[in-house]
file protein.txt (compact mmCIF, C-alpha atoms)
# COMPACT_ATOMS: atom_id res chain seq x y z
CA MET U 655 86.04 77.75 106.22
CA ASP U 656 87.52 78.90 109.53
CA LEU U 657 89.47 82.18 109.31
CA ASN U 658 91.37 84.29 111.84
CA ILE U 659 90.68 87.91 110.90
CA ASN U 660 92.02 90.67 113.15
CA GLY U 661 92.33 88.23 116.03
CA THR U 662 88.75 86.97 115.73
CA ARG U 663 87.78 83.54 114.50
CA MET U 664 85.22 83.78 111.72
CA GLN U 665 83.36 81.19 109.68
CA VAL U 666 82.73 81.88 106.00
CA GLU U 667 81.22 79.84 103.23
CA ALA U 668 83.34 80.58 100.20
CA ASP U 669 85.04 78.80 97.36
CA PRO U 670 88.67 78.32 98.50
CA ALA U 671 89.77 79.87 95.20
CA MET U 672 87.85 83.11 95.85
CA PRO U 673 90.27 86.01 96.35
CA LEU U 674 90.67 87.02 99.99
CA LEU U 675 89.79 90.61 99.05
CA TRP U 676 86.25 89.65 98.08
CA VAL U 677 85.75 87.50 101.16
CA LEU U 678 86.80 90.45 103.32
CA ARG U 679 84.71 93.04 101.50
CA ASP U 680 81.65 91.12 100.33
CA LEU U 681 81.21 88.35 102.88
CA LEU U 682 82.63 89.93 106.04
CA GLN U 683 81.85 93.61 105.27
CA LEU U 684 85.42 94.66 106.10
CA THR U 685 85.55 97.36 103.42
CA GLY U 686 88.70 99.18 104.52
CA THR U 687 90.73 96.97 102.17
CA LYS U 688 90.28 98.41 98.69
CA PHE U 689 90.12 96.99 95.17
CA GLY U 690 92.49 98.76 92.84
CA CYS U 691 93.82 96.83 89.88
CA GLY U 692 92.94 93.18 90.47
CA VAL U 693 96.39 91.97 89.37
CA ALA U 694 98.47 92.63 92.53
CA ALA U 695 100.22 95.62 90.98
CA CYS U 696 98.88 98.66 92.86
CA GLY U 697 98.76 97.47 96.48
CA ALA U 698 95.42 99.05 97.43
CA CYS U 699 94.33 95.59 98.61
CA THR U 700 97.35 94.95 100.85
CA VAL U 701 96.66 93.09 104.11
CA ARG U 702 98.99 91.19 106.42
CA VAL U 703 99.03 87.41 106.63
CA ASP U 704 101.13 86.10 109.51
CA GLY U 705 102.78 89.54 109.56
CA GLN U 706 103.71 89.61 105.87
CA ALA U 707 102.25 92.21 103.51
CA VAL U 708 100.29 90.45 100.75
CA ARG U 709 98.04 91.55 97.91
CA SER U 710 94.63 90.14 98.74
CA CYS U 711 93.13 90.62 95.26
CA VAL U 712 94.99 87.57 93.95
CA LEU U 713 95.37 85.53 97.14
CA PRO U 714 92.95 82.58 97.33
CA VAL U 715 91.11 82.58 100.65
CA GLY U 716 91.84 78.87 101.01
CA SER U 717 95.54 79.70 101.38
CA VAL U 718 94.98 81.72 104.56
CA ALA U 719 93.04 79.13 106.54
CA GLY U 720 94.81 78.72 109.87
CA LYS U 721 96.83 81.91 109.41
CA ALA U 722 96.46 85.30 111.08
CA VAL U 723 95.00 87.89 108.70
CA GLN U 724 95.14 91.55 109.65
CA THR U 725 93.22 94.21 107.78
CA ILE U 726 93.25 97.97 108.27
CA GLU U 727 90.30 97.54 110.64
CA GLY U 728 92.60 95.54 112.93
CA LEU U 729 95.55 97.93 112.85
CA GLY U 730 94.18 100.55 115.22
CA SER U 731 91.06 102.47 116.10
CA ALA U 732 89.94 106.08 116.31
CA ALA U 733 90.28 105.87 120.09
CA LYS U 734 93.66 104.15 119.96
CA PRO U 735 95.35 104.61 116.59
CA HIS U 736 98.41 102.59 115.63
CA ARG U 737 101.59 104.68 115.67
CA LEU U 738 101.60 104.59 111.85
CA GLN U 739 98.07 105.95 111.68
CA ALA U 740 99.05 108.77 114.05
CA ALA U 741 102.14 109.50 111.94
CA TRP U 742 100.03 109.44 108.75
CA ILE U 743 97.84 112.16 110.24
CA ALA U 744 100.77 114.18 111.59
CA GLU U 745 102.51 114.15 108.20
CA GLN U 746 99.23 114.79 106.33
CA VAL U 747 99.80 111.79 104.07
CA PRO U 748 96.29 111.15 102.70
CA GLN U 749 94.87 113.17 99.87
CA CYS U 750 92.18 111.11 98.18
CA GLY U 751 92.93 108.32 100.67
CA TYR U 752 92.06 105.39 98.43
CA CYS U 753 95.45 103.66 98.58
CA GLN U 754 96.14 104.49 102.21
CA SER U 755 94.88 101.32 103.89
CA GLY U 756 97.16 99.23 101.68
CA MET U 757 100.09 101.59 102.28
CA LEU U 758 99.56 101.43 106.04
CA MET U 759 99.47 97.64 106.03
CA ALA U 760 102.67 97.46 103.97
CA ALA U 761 104.31 99.97 106.32
CA ALA U 762 103.21 97.98 109.39
CA ALA U 763 104.80 94.85 107.94
CA LEU U 764 107.99 96.81 107.24
CA LEU U 765 108.24 98.21 110.78
CA GLU U 766 107.66 94.79 112.29
CA LYS U 767 110.55 93.42 110.23
CA LYS U 768 112.79 96.51 110.43
CA PRO U 769 111.89 98.82 113.33
CA LYS U 770 114.30 101.53 112.12
CA PRO U 771 114.07 101.36 108.32
CA THR U 772 116.38 103.27 106.04
CA ASP U 773 115.15 105.10 102.95
CA ALA U 774 116.28 102.09 100.89
CA ASP U 775 114.29 99.74 103.15
CA ILE U 776 111.20 101.89 102.69
CA ASP U 777 111.66 102.02 98.91
CA GLU U 778 112.00 98.24 98.78
CA ALA U 779 109.00 97.51 101.01
CA ILE U 780 106.51 100.14 99.89
CA THR U 781 105.74 99.27 96.28
CA ASN U 782 102.14 100.48 96.51
CA ILE U 783 100.95 102.98 93.93
CA CYS U 784 99.52 106.34 95.02
CA ARG U 785 97.86 108.37 92.27
CA CYS U 786 98.15 111.49 94.42
CA GLY U 787 101.93 111.06 94.68
CA THR U 788 102.27 111.28 98.46
CA TYR U 789 105.39 109.12 98.51
CA GLN U 790 107.58 111.69 100.32
CA ARG U 791 104.94 112.09 103.03
CA VAL U 792 104.67 108.31 103.32
CA ARG U 793 108.42 108.12 103.89
CA LEU U 794 108.25 110.88 106.53
CA ALA U 795 105.36 109.16 108.30
CA ILE U 796 107.17 105.82 108.39
CA LYS U 797 110.26 107.55 109.79
CA ARG U 798 108.12 109.34 112.39
CA ALA U 799 106.41 106.09 113.42
CA SER U 800 109.80 104.37 113.76
CA GLY U 801 111.01 107.07 116.11
CA GLY U 802 113.45 108.27 113.48
CA LYS U 803 113.85 111.79 112.21
CA ALA U 804 110.90 112.79 110.06
call {"tool": "encode", "arguments": {"input": "protein.txt", "output": "structure tokens"}}
result
Amino acid sequence: MDLNINGTRMQVEADPAMPLLWVLRDLLQLTGTKFGCGVAACGACTVRVDGQAVRSCVLPVGSVAGKAVQTIEGLGSAAKPHRLQAAWIAEQVPQCGYCQSGMLMAAAALLEKKPKPTDADIDEAITNICRCGTYQRVRLAIKRASGGKA
């Protein structure tokens, strides 16, 4: 199967019904995307497919053939972080950090759709679960990244 992951064409041999999460983690060694619940409820596995935030734990890899998949590894780098990653650090969002890659991917999809999101927009778009309860910091970081008042 031919996939477009983080702007790079990759070939994988996988059952088209295999969840994208396991292709990313087990076959491509892109382990930034996390397994949380396995039923698309928590959002730890969130990636972007053609710009849309999706839960990769229930998404068959066959459904993303020919589409652009972005994982946390493709969002930014240590040398050149994405504005959301910089805002996450500035607002000290992560505690345990487990859910953060999924949160960042959901936030990136939100900012692409709504560059200046309101609190209601953020509440609607960020449905990821954070056991540490950093939701207020997430909101501040998204506002900071959008150029709004943090």
call {"tool": "atom_distance", "arguments": {"input": "protein.txt", "atom1": "CA of Ile743 in chain U", "atom2": "CA of Cys786 in chain U"}}
result
15.8 Å
call {"tool": "residues_around", "arguments": {"input": "protein.txt", "residues": "Met759 in chain U", "least_positions_apart": "4", "cutoff": "7 Å", "atoms": "all atoms listed in the file", "output": "ChimeraX atom specification"}}
result
/U:700-702,707,726,755,763
call {"tool": "residues_around", "arguments": {"input": "protein.txt", "residues": "Cys699 in chain U", "least_positions_apart": "2", "cutoff": "7 Å", "atoms": "all atoms listed in the file", "output": "PyMOL selection string"}}
result
chain U and resi 675+687-690+697+701+709-711+756
call {"tool": "residues_around", "arguments": {"input": "protein.txt", "residues": "Val708 in chain U", "least_positions_apart": "3", "cutoff": "12 Å", "atoms": "only C-alpha atoms", "output": "tab-separated table (two decimals) with C-alpha atoms, keeping the file's coordinate frame"}}
result
chain	number	residue	atom	x	y	z
U	673	PRO	CA	90.27	86.01	96.35
U	674	LEU	CA	90.67	87.02	99.99
U	675	LEU	CA	89.79	90.61	99.05
U	687	THR	CA	90.73	96.97	102.17
U	694	ALA	CA	98.47	92.63	92.53
U	695	ALA	CA	100.22	95.62	90.98
U	696	CYS	CA	98.88	98.66	92.86
U	697	GLY	CA	98.76	97.47	96.48
U	698	ALA	CA	95.42	99.05	97.43
U	699	CYS	CA	94.33	95.59	98.61
U	700	THR	CA	97.35	94.95	100.85
U	701	VAL	CA	96.66	93.09	104.11
U	702	ARG	CA	98.99	91.19	106.42
U	703	VAL	CA	99.03	87.41	106.63
U	704	ASP	CA	101.13	86.10	109.51
U	705	GLY	CA	102.78	89.54	109.56
U	711	CYS	CA	93.13	90.62	95.26
U	712	VAL	CA	94.99	87.57	93.95
U	713	LEU	CA	95.37	85.53	97.14
U	714	PRO	CA	92.95	82.58	97.33
U	717	SER	CA	95.54	79.70	101.38
U	718	VAL	CA	94.98	81.72	104.56
U	723	VAL	CA	95.00	87.89	108.70
U	724	GLN	CA	95.14	91.55	109.65
U	725	THR	CA	93.22	94.21	107.78
U	756	GLY	CA	97.16	99.23	101.68
U	757	MET	CA	100.09	101.59	102.28
U	759	MET	CA	99.47	97.64	106.03
U	760	ALA	CA	102.67	97.46	103.97
U	761	ALA	CA	104.31	99.97	106.32
U	762	ALA	CA	103.21	97.98	109.39
U	763	ALA	CA	104.80	94.85	107.94
U	764	LEU	CA	107.99	96.81	107.24
U	779	ALA	CA	109.00	97.51	101.01
U	780	ILE	CA	106.51	100.14	99.89
U	781	THR	CA	105.74	99.27	96.28
U	782	ASN	CA	102.14	100.48	96.51
call {"tool": "closest_residue", "arguments": {"input": "protein.txt", "among": "U:Pro735, U:Gln706, U:Pro771, U:Ile776", "to": "Ala722 in chain U", "atoms": "all atoms listed in the file"}}
result
U:Gln706
call {"tool": "closest_residue", "arguments": {"input": "protein.txt", "among": "U:Cys691, U:Cys750, U:Ala671, U:Leu758", "to": "Leu729 in chain U", "atoms": "only C-alpha atoms"}}
result
U:Leu758
call {"tool": "atom_distance", "arguments": {"input": "protein.txt", "atom1": "CA of Lys767 in chain U", "atom2": "CA of Lys797 in chain U"}}
result
14.1 Å
call {"tool": "residues_around", "arguments": {"input": "protein.txt", "residues": "Glu745 in chain U", "least_positions_apart": "4", "cutoff": "12 Å", "atoms": "only C-alpha atoms", "output": "MDAnalysis selection string"}}
result
chainID U and resid 738:741 749 788:799 804
call {"tool": "atom_distance", "arguments": {"input": "protein.txt", "atom1": "CA of Glu667 in chain U", "atom2": "CA of Met655 in chain U"}}
result
6.0 Å
call {"tool": "closest_residue", "arguments": {"input": "protein.txt", "among": "U:Leu681, U:Ala732, U:Leu765, U:Cys784", "to": "Cys753 in chain U", "atoms": "all atoms listed in the file"}}
result
U:Cys784
call {"tool": "closest_residue", "arguments": {"input": "protein.txt", "among": "U:Gly686, U:Ala719, U:Gly692, U:Ala774", "to": "Gln754 in chain U", "atoms": "all atoms listed in the file"}}
result
U:Gly686
call {"tool": "residues_around", "arguments": {"input": "protein.txt", "residues": "Asp656 in chain U", "least_positions_apart": "5", "cutoff": "9 Å", "atoms": "all atoms listed in the file", "output": "PDB file with C-alpha atoms, in the frame of the given file"}}
result
ATOM      1  CA  ARG U 663      87.780  83.540 114.500  1.00  0.00           C
ATOM      2  CA  MET U 664      85.220  83.780 111.720  1.00  0.00           C
ATOM      3  CA  GLN U 665      83.360  81.190 109.680  1.00  0.00           C
ATOM      4  CA  VAL U 666      82.730  81.880 106.000  1.00  0.00           C
ATOM      5  CA  GLU U 667      81.220  79.840 103.230  1.00  0.00           C
ATOM      6  CA  ALA U 719      93.040  79.130 106.540  1.00  0.00           C
ATOM      7  CA  GLY U 720      94.810  78.720 109.870  1.00  0.00           C
TER       8      GLY U 720
END
call {"tool": "closest_residue", "arguments": {"input": "protein.txt", "among": "U:Arg737, U:Thr772, U:Ala744, U:Val715", "to": "Trp676 in chain U", "atoms": "only C-alpha atoms"}}
result
U:Val715
call {"tool": "closest_residue", "arguments": {"input": "protein.txt", "among": "U:Glu727, U:Asp680, U:Asp773, U:Glu766", "to": "Gly802 in chain U", "atoms": "all atoms listed in the file"}}
result
U:Asp773
call {"tool": "axis_aligned_box", "arguments": {"input": "protein.txt", "around": "range 751-769 of chain U", "padding_each_side": "5 Å", "output": "AutoDock Vina command-line options"}}
result
--center_x 102.4 --center_y 100.9 --center_z 105.9 --size_x 30.7 --size_y 24.9 --size_z 24.9
call {"tool": "build_atoms", "arguments": {"input": "protein.txt", "residues": "range 694-723 of chain U", "atoms": "N, CA and C atoms", "output": "CSV table (one decimal), keeping the file's coordinate frame"}}
result
chain,number,residue,atom,x,y,z
U,694,ALA,N,97.4,92.5,91.5
U,694,ALA,CA,98.5,92.6,92.5
U,694,ALA,C,99.6,93.6,92.2
U,695,ALA,N,99.2,94.6,91.4
U,695,ALA,CA,100.2,95.6,91.0
U,695,ALA,C,100.2,96.9,91.8
U,696,CYS,N,99.0,97.3,92.2
U,696,CYS,CA,98.9,98.7,92.9
U,696,CYS,C,99.0,98.6,94.4
U,697,GLY,N,98.6,97.6,95.0
U,697,GLY,CA,98.8,97.5,96.5
U,697,GLY,C,97.6,98.0,97.3
U,698,ALA,N,96.6,98.5,96.7
U,698,ALA,CA,95.4,99.0,97.4
U,698,ALA,C,94.8,98.0,98.3
U,699,CYS,N,94.9,96.7,97.9
U,699,CYS,CA,94.3,95.6,98.6
U,699,CYS,C,95.3,94.9,99.6
U,700,THR,N,96.4,95.6,100.0
U,700,THR,CA,97.4,95.0,100.8
U,700,THR,C,96.8,94.7,102.3
U,701,VAL,N,97.0,93.5,102.7
U,701,VAL,CA,96.7,93.1,104.1
U,701,VAL,C,97.9,92.4,104.6
U,702,ARG,N,97.9,92.0,105.9
U,702,ARG,CA,99.0,91.2,106.4
U,702,ARG,C,98.5,89.8,106.7
U,703,VAL,N,99.3,88.8,106.3
U,703,VAL,CA,99.0,87.4,106.6
U,703,VAL,C,100.3,86.9,107.4
U,704,ASP,N,100.0,86.5,108.6
U,704,ASP,CA,101.1,86.1,109.5
U,704,ASP,C,102.2,87.1,109.5
U,705,GLY,N,101.8,88.4,109.5
U,705,GLY,CA,102.8,89.5,109.6
U,705,GLY,C,103.3,90.0,108.2
U,706,GLN,N,103.2,89.3,107.2
U,706,GLN,CA,103.7,89.6,105.9
U,706,GLN,C,102.7,90.4,105.1
U,707,ALA,N,103.1,91.4,104.4
U,707,ALA,CA,102.2,92.2,103.5
U,707,ALA,C,102.0,91.4,102.3
U,708,VAL,N,100.7,91.2,101.9
U,708,VAL,CA,100.3,90.4,100.8
U,708,VAL,C,99.2,91.2,100.0
U,709,ARG,N,99.1,90.9,98.7
U,709,ARG,CA,98.0,91.6,97.9
U,709,ARG,C,96.8,90.6,97.9
U,710,SER,N,95.8,91.0,98.5
U,710,SER,CA,94.6,90.1,98.7
U,710,SER,C,93.8,89.9,97.5
U,711,CYS,N,94.0,90.8,96.5
U,711,CYS,CA,93.1,90.6,95.3
U,711,CYS,C,93.4,89.4,94.5
U,712,VAL,N,94.6,88.8,94.7
U,712,VAL,CA,95.0,87.6,94.0
U,712,VAL,C,95.3,86.4,94.9
U,713,LEU,N,95.1,86.6,96.2
U,713,LEU,CA,95.4,85.5,97.1
U,713,LEU,C,94.1,84.7,97.4
U,714,PRO,N,94.1,83.4,97.1
U,714,PRO,CA,93.0,82.6,97.3
U,714,PRO,C,92.7,82.5,98.8
U,715,VAL,N,91.5,82.6,99.2
U,715,VAL,CA,91.1,82.6,100.6
U,715,VAL,C,91.5,81.2,101.3
U,716,GLY,N,91.5,80.2,100.5
U,716,GLY,CA,91.8,78.9,101.0
U,716,GLY,C,93.3,78.8,101.5
U,717,SER,N,94.1,79.7,101.0
U,717,SER,CA,95.5,79.7,101.4
U,717,SER,C,95.8,80.4,102.7
U,718,VAL,N,94.8,81.0,103.3
U,718,VAL,CA,95.0,81.7,104.6
U,718,VAL,C,94.3,81.0,105.7
U,719,ALA,N,93.7,79.9,105.5
U,719,ALA,CA,93.0,79.1,106.5
U,719,ALA,C,94.1,78.8,107.6
U,720,GLY,N,93.8,79.0,108.8
U,720,GLY,CA,94.8,78.7,109.9
U,720,GLY,C,95.9,79.8,110.1
U,721,LYS,N,95.8,80.8,109.3
U,721,LYS,CA,96.8,81.9,109.4
U,721,LYS,C,96.2,83.2,110.0
U,722,ALA,N,97.0,84.0,110.5
U,722,ALA,CA,96.5,85.3,111.1
U,722,ALA,C,96.4,86.4,110.0
U,723,VAL,N,95.2,86.8,109.7
U,723,VAL,CA,95.0,87.9,108.7
U,723,VAL,C,94.7,89.2,109.4
